[in-house]
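Enquirer: Before we start, here is the structure in question, set down as structure tokens.
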Amino acid sequence: MIFSPQLRWSHVRNLYLILLLSTLSTFSLAQTPKFFSASVPVASQSVNERERAATAGLREVLVRISGVTQLDDYAALAEILPRASRYIEQFHYEVVRDGGAPQEHLVMSFSASAVENALRQVGLPFWPINRPSVLVWLVEDDVSEGKRLINDTSGSVVQGLLQAAQKRGLPLRFPLLDLEDQLAIGAEQIWNLDEAAILEASLRYAADTVLVGRYTRTFSTGEWWTTWQFFHKGQGRLYDLRHADPVLVGQQALDPLADHLAQLYALRSSAEGAGQLYVQVGPVADFGTYRKTLDYLDRLAVVTSSNLLAVTGDTLLLTLQLNGTQDQLLNALSLDRKMRPRTAQTTAPQMATGTEQMLQLEWIGR
């Protein structure tokens, strides 16, 4: 078979794109938390040891799904945790080699519905698994190399971040640090926490949240001195951490961000403002969009039920029963980018509902 040079170049180009996309996809998946799974080290495969590990594993899952770290504040958990093994759907043992001596772990998958029922029973919030994505920029000030951007996920601080991301249920993403990134931002700008430059360079990744970390190891004490800042929907926080263990620094660095996001997105059954909400959605110009709109709203964890009241032109009027607040509904919509609040330029005439307040949304999904 004879190939022309043009055809061969086309194959090479396509192969390159496929490999690049596969690499990016694999890397992204590696940072996706396993929300209802836990892996706990065990001393043996005895029943007593399995029960102990099941309790520890369920605690880990409850923290991840509720966003609450202080589980001992919920007294009703004392009746649930000793029966943790009843919540397990599957389990197996595996040997984990994590830089030290091999250690046997009990790997468990818990029932999602049973865990959610336990949250309601105890009064814990429920944080849906559709979580804000987090783009992480890191810069290290090294004694020999100076300030440099970090894109090596094998580093100790990064390993701590990844462990904390699994524990708290946050999907992390790291910049490619390719030519486009290098032209957009430098290590010095990130070290100086140049907010405008950081957010501009982050636009290409379309992440919901940006976390910036800068760190150095002191020559005199060997401690890691770090500063962290996160940005989410115009809000942010700046904080410092110091510790001799870089893995622990990375683990602790994610907690303030996870706590902040849990406050915004975790649903509480008794949340103030929960109840009925009138919603106007448009443009809905055909039956396919109409069906997608209703199906999408019904799938949202913050929406317990929806009721179509009227259709006028290309606009739907609905009532939504919420188990959260209107702000939490808007937060959930912002993650999926299928609906957004109507702007002043696109606001449709309000339908008569007997209420002055109505949330007007614009369908932008597919």
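Convention: chains lettered A, B, ... in structure tokens order; per-chain residue numbering from 1; ligands numbered from 1 as shown.
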Assign secondary structure with DSSP using the backbone only, and return the residues of region 41-267 of chain A in strand (DSSP E) as a count of residues only.

Expert: 60

Enquirer: Per DSSP on the backbone, what are the alpha helix (DSSP H) residues of region 174-347 of chain A, as a ChimeraX atom specification?

Expert: /A:179-184,187-191,195-202,246-265,287-299,326-336

Enquirer: Let me make sure I understand: among A:Ser156, A:Gln166, A:Ser66, A:Ser39, which one has the smallest atom-to-atom distance to Leu119 (chain A) if we use only C-alpha atoms?

Expert: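 Under the stated criterion, the closest residue is A:Ser66.
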
Enquirer: Counting only C-alpha atoms, what is within 12 Å of Arg131 (chain A), bar same-chain residues fewer than 4 positions away, as a ChimeraX atom specification?

Expert: /A:32-33,35,64-65,67,126-127,165,168-172,207-209,258,261-262,264-266,301,331-336

Enquirer: Neighbouring residues of Ala76 (chain A) were defined as those with any atom within 9 Å, considering only C-alpha atoms; residues of the same chain fewer than 2 positions away were excluded. Please report them as number ranges by chain.

Expert: A: 74, 78-80, 121-123

Enquirer: Rank A:Gln235, A:Glu145, A:Leu248, A:Leu300 by their smallest atom-to-atom distance to Glu223 (chain A), using only C-alpha atoms, and report the top residue only.

Expert: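 So, comparing all the options, the nearest one is A:Leu248.
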
Enquirer: Restricting the calculation to only C-alpha atoms: of A:Val96, A:Leu162, A:Ala244, A:Leu257, which residue gets closest to Trp224 (chain A)?

Expert: A:Ala244

Enquirer: How far is it from CA of Val158 (chain A) to CA of Val136 (chain A), in Å with one decimal?

Expert: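 It comes out at 9.6 Å.
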
Enquirer: Counting only C-alpha atoms, which of A:Gln189, A:Ser111, A:Thr325, A:Asn48 gets nearest to Phe91 (chain A)?

Expert: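 Between A:Gln189, A:Ser111, A:Thr325, A:Asn48, the residue approaching Phe91 (chain A) most closely is A:Ser111.
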